[in-house]
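In what follows, a structure is listed as structure tokens, so that the remarks can point back to it.
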Amino acid sequence: MEITIQNQAIKAVIKSKGAELSSLQKDGKNYIWEINSEFWNKTSPILFPIVGALKNGEYFHEGKVYKLSRHGFARDFEFEVIENSENAVVFSLKSNEETLKVYPFHFELQLSYILEGNKLMVKYEIINRSSEKMYYSIGAHPAFNIDGNFEDFSLIFDDEKDLETYKLEQDLFSGKTEILKLNGNVLPLQYELYEEDALVFKNFATKSLTLAKNNESVMKVSFSDFPYLGIWTKKDAPFICIEPWLGIADNANASGKIEEKEGIQILENNSKKQIAWSVELF
């Protein structure tokens, strides 16, 4: 099932499977990339209850071993529509028999999509319905359309400081870092930057990124609630992913204990957490 919301400026289409944004249009132009399985078969998956990969694909909680694939399971489930108006929709995923086999917490995850002028707000509400602490991570993975030559595009940061990126090897952090030099506050897009995997930033000072084409702003992604960021594409793919994260992949030397995982979030029993990111079209 697909849900369409719109206002006088923009229109969004969201699939009920994974509550995944599949289209964001302004003046008939789609700013979300349209799937070509040669490169990737997603458009904007939700990453929950983990972001990235686990060491050996597993974690430990209270003496038990649980298997979880990279980025978790939320993207693979049908979400229920619990609210819907012309310019907003709220989706819900609740723990069930299948999720409890790999993630032993009773939860509800609500995703809200809200249109405000030229801006799409994406809000996450994570609810712990367990009688114990809940450990989780959550993240976004939107792929934005590159219409034309990839090298004509660039990312504009909040400031002009060079950036430290954390290196991934076989989906885990190796402990190696690299300094990424900006041209002022601009990072020109080059496929070579992503040959080894995503660019990953921790405790990130920048709270928004502007995508520009030939120095003209195309869109602005804002993510003040998120301390981690991934930027990713594939060789020759016509998209760039700007990924705000509340959590990251395991380190190569991780203990495997969920409570010791770097970037893991904790929700007390019967409590909730709300965070949001947005994309504004120009």
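Letters for chains follow the order of the structure tokens (A, B, ...), residue numbers begin at 1 for each chain, and ligand numbers begin at 1 in the order shown.
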
Please identify the helix (DSSP H, G or I) residues within region 6-203 of chain A (assignment by DSSP from backbone atoms) and present them as a list in words. Lys55, Asn56, Gly57, Ala74, Arg75, Asp76, Glu97, Glu98, Thr99, Leu100, Lys101, Val102, Phe150, Glu151, Asp152, Tyr191, Glu192, Leu193 and Tyr194 of chain A

Could those residues be written to a file, using N, CA, C and O atoms, as a PDB file, in the first residue's frame?
```pdb
ATOM      1  N   LYS A  55      29.041  -7.233  15.066  1.00  0.00           N
ATOM      2  CA  LYS A  55      30.154  -8.177  14.963  1.00  0.00           C
ATOM      3  C   LYS A  55      29.600  -9.603  14.971  1.00  0.00           C
ATOM      4  O   LYS A  55      28.808  -9.965  15.850  1.00  0.00           O
ATOM      5  N   ASN A  56      29.953 -10.363  13.950  1.00  0.00           N
ATOM      6  CA  ASN A  56      29.464 -11.738  13.774  1.00  0.00           C
ATOM      7  C   ASN A  56      27.947 -11.809  13.604  1.00  0.00           C
ATOM      8  O   ASN A  56      27.353 -12.882  13.721  1.00  0.00           O
ATOM      9  N   GLY A  57      27.320 -10.642  13.327  1.00  0.00           N
ATOM     10  CA  GLY A  57      25.873 -10.616  13.110  1.00  0.00           C
ATOM     11  C   GLY A  57      25.053 -10.957  14.333  1.00  0.00           C
ATOM     12  O   GLY A  57      23.896 -11.394  14.203  1.00  0.00           O
ATOM     13  N   ALA A  74      13.137  -3.330  10.805  1.00  0.00           N
ATOM     14  CA  ALA A  74      11.934  -2.508  10.625  1.00  0.00           C
ATOM     15  C   ALA A  74      11.598  -2.286   9.155  1.00  0.00           C
ATOM     16  O   ALA A  74      10.425  -2.239   8.775  1.00  0.00           O
ATOM     17  N   ARG A  75      12.614  -2.168   8.319  1.00  0.00           N
ATOM     18  CA  ARG A  75      12.387  -1.908   6.887  1.00  0.00           C
ATOM     19  C   ARG A  75      11.652  -3.037   6.181  1.00  0.00           C
ATOM     20  O   ARG A  75      11.117  -2.855   5.084  1.00  0.00           O
ATOM     21  N   ASP A  76      11.624  -4.235   6.803  1.00  0.00           N
ATOM     22  CA  ASP A  76      11.038  -5.411   6.159  1.00  0.00           C
ATOM     23  C   ASP A  76       9.597  -5.685   6.580  1.00  0.00           C
ATOM     24  O   ASP A  76       8.974  -6.612   6.055  1.00  0.00           O
ATOM     25  N   GLU A  97       5.561 -11.554  17.554  1.00  0.00           N
ATOM     26  CA  GLU A  97       6.193 -12.853  17.796  1.00  0.00           C
ATOM     27  C   GLU A  97       7.497 -12.996  17.022  1.00  0.00           C
ATOM     28  O   GLU A  97       8.488 -13.536  17.526  1.00  0.00           O
ATOM     29  N   GLU A  98       7.508 -12.469  15.796  1.00  0.00           N
ATOM     30  CA  GLU A  98       8.701 -12.591  14.961  1.00  0.00           C
ATOM     31  C   GLU A  98       9.826 -11.683  15.456  1.00  0.00           C
ATOM     32  O   GLU A  98      10.989 -12.101  15.521  1.00  0.00           O
ATOM     33  N   THR A  99       9.508 -10.440  15.809  1.00  0.00           N
ATOM     34  CA  THR A  99      10.561  -9.533  16.280  1.00  0.00           C
ATOM     35  C   THR A  99      11.140  -9.984  17.609  1.00  0.00           C
ATOM     36  O   THR A  99      12.343  -9.834  17.859  1.00  0.00           O
ATOM     37  N   LEU A 100      10.314 -10.551  18.468  1.00  0.00           N
ATOM     38  CA  LEU A 100      10.783 -10.949  19.788  1.00  0.00           C
ATOM     39  C   LEU A 100      11.810 -12.082  19.734  1.00  0.00           C
ATOM     40  O   LEU A 100      12.591 -12.269  20.672  1.00  0.00           O
ATOM     41  N   LYS A 101      11.848 -12.804  18.633  1.00  0.00           N
ATOM     42  CA  LYS A 101      12.845 -13.869  18.486  1.00  0.00           C
ATOM     43  C   LYS A 101      14.253 -13.303  18.326  1.00  0.00           C
ATOM     44  O   LYS A 101      15.235 -13.953  18.693  1.00  0.00           O
ATOM     45  N   VAL A 102      14.345 -12.102  17.774  1.00  0.00           N
ATOM     46  CA  VAL A 102      15.663 -11.521  17.504  1.00  0.00           C
ATOM     47  C   VAL A 102      15.928 -10.254  18.312  1.00  0.00           C
ATOM     48  O   VAL A 102      17.064  -9.758  18.349  1.00  0.00           O
ATOM     49  N   PHE A 150      27.315  13.423 -11.838  1.00  0.00           N
ATOM     50  CA  PHE A 150      27.559  13.344 -10.391  1.00  0.00           C
ATOM     51  C   PHE A 150      28.533  14.430  -9.940  1.00  0.00           C
ATOM     52  O   PHE A 150      28.365  15.036  -8.878  1.00  0.00           O
ATOM     53  N   GLU A 151      29.560  14.705 -10.751  1.00  0.00           N
ATOM     54  CA  GLU A 151      30.595  15.668 -10.370  1.00  0.00           C
ATOM     55  C   GLU A 151      30.109  17.111 -10.431  1.00  0.00           C
ATOM     56  O   GLU A 151      30.809  18.025  -9.988  1.00  0.00           O
ATOM     57  N   ASP A 152      28.906  17.348 -10.958  1.00  0.00           N
ATOM     58  CA  ASP A 152      28.340  18.706 -10.944  1.00  0.00           C
ATOM     59  C   ASP A 152      27.727  19.052  -9.586  1.00  0.00           C
ATOM     60  O   ASP A 152      27.350  20.196  -9.349  1.00  0.00           O
ATOM     61  N   TYR A 191      32.784   9.836  -6.944  1.00  0.00           N
ATOM     62  CA  TYR A 191      32.531   8.427  -6.626  1.00  0.00           C
ATOM     63  C   TYR A 191      33.698   7.797  -5.865  1.00  0.00           C
ATOM     64  O   TYR A 191      33.494   6.890  -5.045  1.00  0.00           O
ATOM     65  N   GLU A 192      34.914   8.294  -6.110  1.00  0.00           N
ATOM     66  CA  GLU A 192      36.085   7.702  -5.469  1.00  0.00           C
ATOM     67  C   GLU A 192      36.013   7.763  -3.935  1.00  0.00           C
ATOM     68  O   GLU A 192      36.595   6.925  -3.236  1.00  0.00           O
ATOM     69  N   LEU A 193      35.289   8.749  -3.405  1.00  0.00           N
ATOM     70  CA  LEU A 193      35.192   8.900  -1.948  1.00  0.00           C
ATOM     71  C   LEU A 193      34.480   7.723  -1.290  1.00  0.00           C
ATOM     72  O   LEU A 193      34.655   7.477  -0.095  1.00  0.00           O
ATOM     73  N   TYR A 194      33.675   6.998  -2.050  1.00  0.00           N
ATOM     74  CA  TYR A 194      32.813   5.958  -1.473  1.00  0.00           C
ATOM     75  C   TYR A 194      33.227   4.557  -1.909  1.00  0.00           C
ATOM     76  O   TYR A 194      32.458   3.608  -1.741  1.00  0.00           O
TER      77      TYR A 194
END
```

DSSP on the backbone, then: every residue of region 49-213 of chain A marked strand (DSSP E), written as a ChimeraX atom specification. /A:58-61,64-67,80-85,88-94,107-116,119-128,134-136,138-140,143-145,153-156,163-169,172-180,186-188,199-201,208-213

Residue with smallest distance to Lys257 (chain A) - pool A:Trp40, A:Lys17, A:Val65, A:Phe48, counting only C-alpha atoms: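 Once distances to Lys257 (chain A) are computed over only C-alpha atoms, the minimum belongs to A:Val65.
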
Would you please work out which residue, of A:Ala276, A:Leu246, A:Leu163, A:Leu24, is nearest to Thr43 (chain A) when using only C-alpha atoms? A:Leu24

Residues within 12 Å of Ser271 (chain A), only C-alpha atoms, excluding chain neighbours under 6 positions, as an mmCIF file with C-alpha atoms, in the first residue's frame:
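New file selection18.cif:
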```cif
data_model
loop_
_atom_site.group_PDB
_atom_site.id
_atom_site.type_symbol
_atom_site.label_atom_id
_atom_site.label_comp_id
_atom_site.auth_asym_id
_atom_site.auth_seq_id
_atom_site.Cartn_x
_atom_site.Cartn_y
_atom_site.Cartn_z
ATOM 1 C CA HIS A 106 8.252 -4.921 23.590
ATOM 2 C CA PHE A 107 8.224 -1.699 21.607
ATOM 3 C CA GLU A 108 6.242 0.548 19.344
ATOM 4 C CA GLU A 125 8.830 8.129 18.240
ATOM 5 C CA ILE A 126 10.335 5.087 19.939
ATOM 6 C CA ILE A 127 8.219 3.696 22.781
ATOM 7 C CA ASN A 128 9.462 1.115 25.275
ATOM 8 C CA ARG A 129 6.523 -1.052 26.317
ATOM 9 C CA SER A 130 8.773 -3.476 28.210
ATOM 10 C CA SER A 131 9.099 -3.712 31.982
ATOM 11 C CA GLU A 132 12.883 -3.342 31.597
ATOM 12 C CA LYS A 133 15.377 -1.033 29.951
ATOM 13 C CA MET A 134 15.332 -1.185 26.166
#
```

Selection: 7 Å around Phe282 (chain A), only C-alpha atoms, excl. self and same-chain fewer than 6 positions, as a compact mmCIF listing (two decimals) with N, CA and C atoms, in the first residue's frame:
```txt
# COMPACT_ATOMS: atom_id res chain seq x y z
N SER A 217 21.68 25.74 -4.83
CA SER A 217 21.11 24.84 -3.83
C SER A 217 19.91 24.07 -4.39
N VAL A 218 19.91 22.76 -4.14
CA VAL A 218 18.83 21.88 -4.58
C VAL A 218 17.92 21.53 -3.40
N MET A 219 18.53 21.16 -2.27
CA MET A 219 17.77 20.78 -1.08
C MET A 219 18.67 20.91 0.14
```
